[in-house]
Amino acid sequence: MSSIDLAELSRILGKRGFDCEIVGDPGTEIRSVNTLEDATSGEISFLANPKYRQQLDTTRASAVIVGRDDQIPEGLTVIRCADPYAAITVAIIHIHGYREHPQWGRDERAMIDASATIGDNANIAPNVTICRRVTIGANATIYPGCFVGDDVTIGDDVILYPNVVIYDGSCLGDRVALHSGTVVGEDGLGYVPVDGAWFKIPQIGRVVIEDDVEMGACCTLNRATLGETRIGRGTKFSDGVVIGHGTKVGQHCMFVAQVGIAGSVNVGDNVSLAGQVGVCGHLEIGAGVTVGAKSVVYASIPPGQDYLGYPAVESRAYRKQVAAARRLPDTQKRLRDLEREVERLRSRLAGA
Amino acid sequence: MSSIDLAELSRILGKRGFDCEIVGDPGTEIRSVNTLEDATSGEISFLANPKYRQQLDTTRASAVIVGRDDQIPEGLTVIRCADPYAAITVAIIHIHGYREHPQWGRDERAMIDASATIGDNANIAPNVTICRRVTIGANATIYPGCFVGDDVTIGDDVILYPNVVIYDGSCLGDRVALHSGTVVGEDGLGYVPVDGAWFKIPQIGRVVIEDDVEMGACCTLNRATLGETRIGRGTKFSDGVVIGHGTKVGQHCMFVAQVGIAGSVNVGDNVSLAGQVGVCGHLEIGAGVTVGAKSVVYASIPPGQDYLGYPAVESRAYRKQVAAARRLPDTQKRLRDLEREVERLRSRLAGA
Amino acid sequence: MSSIDLAELSRILGKRGFDCEIVGDPGTEIRSVNTLEDATSGEISFLANPKYRQQLDTTRASAVIVGRDDQIPEGLTVIRCADPYAAITVAIIHIHGYREHPQWGRDERAMIDASATIGDNANIAPNVTICRRVTIGANATIYPGCFVGDDVTIGDDVILYPNVVIYDGSCLGDRVALHSGTVVGEDGLGYVPVDGAWFKIPQIGRVVIEDDVEMGACCTLNRATLGETRIGRGTKFSDGVVIGHGTKVGQHCMFVAQVGIAGSVNVGDNVSLAGQVGVCGHLEIGAGVTVGAKSVVYASIPPGQDYLGYPAVESRAYRKQVAAARRLPDTQKRLRDLEREVERLRSRLAGA
């Protein structure tokens, strides 16, 4: 963590392509980044979501990164630029940087099978288990309590946080980061019914996680029964995401917490699934699809669609359904009224 | 575990403010507490939920704690009091007490960094990892497989069950208890899109868990991107609860299993969220709010409200919607009938 | 893994009761099993789901197991039989077999209390903790990072994958297999409100898991407050399933990922709950019930029913509700039109 003044921060942002304007004292010293609500003197904050605009009036931050045209209160020191969210990211990286891991080297209390191959500059904690014929690339950081099963291959610059479990035969690319408690490659629900009981099918497939994937805590990925379960390059998961056996997820997807995808689903690139979404088995989710929070997907979705609901349909249609459902008790009352009115008309007409 | 007769139990309840009346033999010996269904001779049970009233006829319990006015079968030995559920709690505490933890002392197979400060009477198991500059108060019980990251501070009388992970910089108050597999302070979904890929923002905030919080197994709490994720004093979670980055939960809340709250949500005090409830990001959930099982909350909820549904609305309104939806196929049939009837009337009127 | 030709595989299937017919060269050599999409030369695949029929035209598999009457492309080598899914299971078992576990014997780095009793042929990894008065049967395989609490009893041929936690007093039958991160017997939400705070009730019940149960990763089972939480013989769970305190699940059930059942529920035998289903507390779910994905169950379900929806009702009724809801905006428009038409008729009748 290093201190910096606004003039210097502005120069750094400029080099990264941000055209900045300082309003206030360019010599203002900044030592850390914080939210508008929690920031105090010596801290810089940002405004990206208009919901928090009012907090500009009350923040104790020494400076705030705001948009080109945001109105600011008298006396607030700001940096104006076109994309405050991206700019604050640059500031966070410069001032704070990424997590510094404890340095264990290759700890002698790690249990590493003699047949395993570990790359240069390994940082492997006590109580890590690395099984037979494992291959791990350079610069691995493996925290305590992790388990890496037989015949697993892992690329360079991988981080496994505490208590991550990688089952036998799984394959992880470069720069994969898995947070605590995540499990890769356990057996899925592969059974055949025999005489009223469930008979287990050996689960001989594997899980492949491509480069630059990051997953939150307690995600679980079933190995394929046959072939592969696969997570595409650059895809990010939050916590508690479950992926069924044989499902293939594309590149640069984002799945929010507690998403569950059943088996044998194909998910295209750049798909966003909001929290608690469920997707049934054997479906095709097209590239660029977005599905809203807690939706359940019973049928395939064409590329580029924005879906929502229970069951999920095109979002605008769903919003109309919800609005209509709220009027439904009134609708039914009006129908009853109308039935009575028509009955009266019928009687009058009969009497006429 | 100690044996006790009903007269003695009645005196103990009396001291705790329960006005008791024994019906039957006050010398009946009790050695443990059980359910009406499973209790056998020498056990005491209770009736608090009228759903189980019939089990009074069949229970093999030696005695039952019942309400002031509950009807009881001939010959059943009971203690009558105003609040059987609270009274049985007193009985459980007296007869059984709380879990007795294994005593490891400060086991030499725990990996405790030299820079850590551990309070008196520590009970730290083998295979615990305690990193740099950690501070832990008195009477800590830390089970095997737990990981406590750099710069974590933990209060007095804390219990971490096996395989709990506390990421760097987190802060836990006094008497916090976290069950197995729970993860505190992992990175959340903090990325900016750059050239079609997700670029990681350092997650420099932290998690604060206040005094007397207890969480079930496999809960996961994202650290804040900036500032704090915070869980208020006395709040209780069941299993698999996920809390997004920067979310603040009030005091004495209760979240049932698999609840998921997105980031930057403010939850007031005494909020109850039933199982599998989802709450979208950047919302305000007022104090005293109750949300029913599996509801999804898309909008802020004022204090004191009782919500339910998909999407969640005021519970009574939702129940009307559900009832109306069940009649909907019939409604649509009646509308078609009415359209035909009106058409007939129109024809007759035209012909008239 | 062993190589085999189709004639030999056909003989093996015949012995297991499959009446097979080879179309093509019986000497075709097979060394592994794969999906139609991923198979290459030397691999056998199968067609059980008609959704994948087209892949028969493009598969590179050397042979495919198909149904009696499936149409096959010219030149494709197949084994015809009545149940391709069961037949491929036999092939997988013969050619690949089940997972071979690392062999640790009774590793000296496992922490086994002197009062524990461990059966013959134990395979207990480093960093396993086995507490006081534990009893474990023959042929146990316990992976690193597992914790077995005081007074736990475990049967024969049990497999605990890495980082499984069994709390004190739990009881596991023979051939139970629990995947990584699963937690058995943690405290549930057992509190009484006292002066605005939650007062903890000692959770003195236990969890019993009967023979032949297999659970996926990160499942969590609350111990009973009193009495038992119980999972019946042969029942299978996928990942992230949560079982509330005192709930009893019957035999040969199948619960897909992220199912959550509240406390004190009785689930009959042979019940199937699809992914993300939620069941509220104190309900009865009859034998043979099926509940569709993401349904929420607010009321008891009689035996043999097929339920679906939010809230769950009989599946056909729910599908009608969904179809009706999609027509609802149109229904409401038609009602408004009809109201106007009736108003016009009324005017004309008044004027007549």
# chains A, B, ... in the order shown; residues from 1 in each chain; ligands from 1
$ interface_residues --of "chain A" --to "chain B" --cutoff "7 Å" --atoms "only C-alpha atoms" --output "MDAnalysis selection string"
chainID A and resid 33:35 38 86 89 92:93 97:98 127 145 162 179:181 216:217 234 238:239 252 294 325:326 328:329 332 339 346
$ closest_residue --among "C:Leu76, C:Ala87, C:Ile95, C:Val134" --to "C:Ile4" --atoms "only C-alpha atoms"
C:Ile95
$ closest_residue --among "B:Arg80, B:Arg109, B:Arg230, B:Arg316" --to "B:Leu6" --atoms "only C-alpha atoms"
B:Arg80
$ residues_around --residues "stretch 49-56 of chain C" --least-positions-apart "3" --cutoff "12 Å" --atoms "only C-alpha atoms" --output "PyMOL selection string"
(chain A and resi 264+281-284) or (chain C and resi 35-39+44-46+59-67+70-78+83-85)
$ write_last_selection --atoms "N, CA, C and O atoms" --output "compact mmCIF listing (two decimals), in the first residue's frame"
# COMPACT_ATOMS: atom_id res chain seq x y z
N SER A 264 -25.54 -32.27 -18.88
CA SER A 264 -25.64 -32.29 -20.34
C SER A 264 -26.25 -31.03 -20.93
O SER A 264 -26.93 -31.07 -21.95
N GLY A 281 -31.81 -30.12 -17.39
CA GLY A 281 -30.82 -30.88 -18.15
C GLY A 281 -31.05 -30.90 -19.65
O GLY A 281 -32.16 -30.64 -20.14
N HIS A 282 -29.99 -31.15 -20.41
CA HIS A 282 -30.05 -31.41 -21.85
C HIS A 282 -30.55 -30.21 -22.65
O HIS A 282 -31.16 -30.38 -23.70
N LEU A 283 -30.32 -28.98 -22.16
CA LEU A 283 -30.77 -27.78 -22.88
C LEU A 283 -29.60 -27.07 -23.56
O LEU A 283 -28.44 -27.34 -23.27
N GLU A 284 -29.95 -26.16 -24.47
CA GLU A 284 -28.98 -25.29 -25.13
C GLU A 284 -29.27 -23.85 -24.74
O GLU A 284 -30.36 -23.34 -24.99
N THR C 35 -18.96 -40.56 -24.83
CA THR C 35 -20.20 -40.04 -25.42
C THR C 35 -20.11 -40.10 -26.93
O THR C 35 -19.02 -40.13 -27.52
N LEU C 36 -21.27 -40.06 -27.60
CA LEU C 36 -21.30 -40.03 -29.06
C LEU C 36 -20.48 -38.85 -29.58
O LEU C 36 -19.76 -38.98 -30.57
N GLU C 37 -20.57 -37.72 -28.90
CA GLU C 37 -19.91 -36.51 -29.38
C GLU C 37 -18.39 -36.59 -29.23
O GLU C 37 -17.65 -36.16 -30.11
N ASP C 38 -17.93 -37.14 -28.11
CA ASP C 38 -16.50 -37.09 -27.80
C ASP C 38 -15.75 -38.36 -28.15
O ASP C 38 -14.51 -38.37 -28.14
N ALA C 39 -16.46 -39.45 -28.46
CA ALA C 39 -15.77 -40.72 -28.69
C ALA C 39 -14.88 -40.65 -29.92
O ALA C 39 -15.18 -39.94 -30.89
N ILE C 44 -16.36 -47.12 -27.49
CA ILE C 44 -17.76 -47.49 -27.72
C ILE C 44 -18.65 -46.44 -27.06
O ILE C 44 -18.29 -45.86 -26.04
N SER C 45 -19.80 -46.16 -27.69
CA SER C 45 -20.74 -45.20 -27.12
C SER C 45 -22.13 -45.83 -27.09
O SER C 45 -22.26 -47.04 -27.26
N PHE C 46 -23.15 -45.00 -26.85
CA PHE C 46 -24.49 -45.56 -26.75
C PHE C 46 -25.51 -44.49 -27.11
O PHE C 46 -25.22 -43.30 -27.07
N THR C 59 -20.68 -39.46 -35.18
CA THR C 59 -19.79 -39.99 -34.15
C THR C 59 -18.58 -40.70 -34.77
O THR C 59 -18.70 -41.34 -35.83
N ARG C 60 -17.46 -40.57 -34.06
CA ARG C 60 -16.26 -41.28 -34.49
C ARG C 60 -16.03 -42.54 -33.67
O ARG C 60 -14.96 -43.16 -33.74
N ALA C 61 -17.03 -42.90 -32.84
CA ALA C 61 -16.92 -44.12 -32.04
C ALA C 61 -16.74 -45.34 -32.94
O ALA C 61 -17.31 -45.40 -34.03
N SER C 62 -15.99 -46.33 -32.47
CA SER C 62 -15.83 -47.56 -33.24
C SER C 62 -17.07 -48.43 -33.19
O SER C 62 -17.27 -49.28 -34.07
N ALA C 63 -17.88 -48.25 -32.16
CA ALA C 63 -19.13 -49.00 -32.06
C ALA C 63 -20.09 -48.23 -31.15
O ALA C 63 -19.66 -47.40 -30.34
N VAL C 64 -21.39 -48.53 -31.30
CA VAL C 64 -22.42 -47.85 -30.51
C VAL C 64 -23.44 -48.90 -30.06
O VAL C 64 -23.84 -49.76 -30.85
N ILE C 65 -23.82 -48.83 -28.79
CA ILE C 65 -24.92 -49.67 -28.32
C ILE C 65 -26.23 -48.92 -28.57
O ILE C 65 -26.38 -47.78 -28.10
N VAL C 66 -27.13 -49.54 -29.32
CA VAL C 66 -28.41 -48.89 -29.67
C VAL C 66 -29.57 -49.80 -29.30
O VAL C 66 -29.37 -50.97 -28.95
N GLY C 67 -30.77 -49.25 -29.39
CA GLY C 67 -31.96 -50.02 -29.08
C GLY C 67 -32.28 -51.03 -30.18
O GLY C 67 -31.73 -50.97 -31.29
N ASP C 70 -33.69 -48.98 -33.27
CA ASP C 70 -33.14 -47.70 -33.71
C ASP C 70 -32.63 -47.80 -35.15
O ASP C 70 -31.95 -48.77 -35.51
N GLN C 71 -32.94 -46.78 -35.93
CA GLN C 71 -32.37 -46.71 -37.28
C GLN C 71 -30.91 -46.29 -37.17
O GLN C 71 -30.58 -45.37 -36.41
N ILE C 72 -30.04 -46.96 -37.95
CA ILE C 72 -28.62 -46.60 -37.87
C ILE C 72 -28.08 -46.28 -39.26
O ILE C 72 -28.58 -46.80 -40.26
N PRO C 73 -27.11 -45.38 -39.32
CA PRO C 73 -26.54 -45.03 -40.62
C PRO C 73 -25.75 -46.21 -41.20
O PRO C 73 -25.19 -47.01 -40.45
N GLU C 74 -25.71 -46.27 -42.50
CA GLU C 74 -24.93 -47.26 -43.25
C GLU C 74 -23.50 -47.32 -42.73
O GLU C 74 -22.86 -46.28 -42.55
N GLY C 75 -23.01 -48.52 -42.41
CA GLY C 75 -21.59 -48.67 -42.07
C GLY C 75 -21.28 -48.51 -40.60
O GLY C 75 -20.15 -48.76 -40.18
N LEU C 76 -22.23 -48.07 -39.78
CA LEU C 76 -21.97 -47.92 -38.35
C LEU C 76 -22.02 -49.29 -37.67
O LEU C 76 -22.97 -50.05 -37.87
N THR C 77 -20.98 -49.59 -36.89
CA THR C 77 -20.96 -50.84 -36.15
C THR C 77 -21.72 -50.67 -34.84
O THR C 77 -21.44 -49.73 -34.09
N VAL C 78 -22.69 -51.53 -34.59
CA VAL C 78 -23.51 -51.38 -33.38
C VAL C 78 -23.73 -52.72 -32.69
O VAL C 78 -23.58 -53.78 -33.30
N ASP C 83 -32.01 -52.43 -23.79
CA ASP C 83 -31.82 -51.32 -22.84
C ASP C 83 -30.38 -50.80 -22.93
O ASP C 83 -29.51 -51.17 -22.14
N PRO C 84 -30.12 -49.91 -23.90
CA PRO C 84 -28.74 -49.45 -24.13
C PRO C 84 -28.11 -48.78 -22.91
O PRO C 84 -26.90 -48.90 -22.70
N TYR C 85 -28.92 -48.11 -22.08
CA TYR C 85 -28.36 -47.38 -20.92
C TYR C 85 -27.82 -48.37 -19.89
O TYR C 85 -26.72 -48.21 -19.37
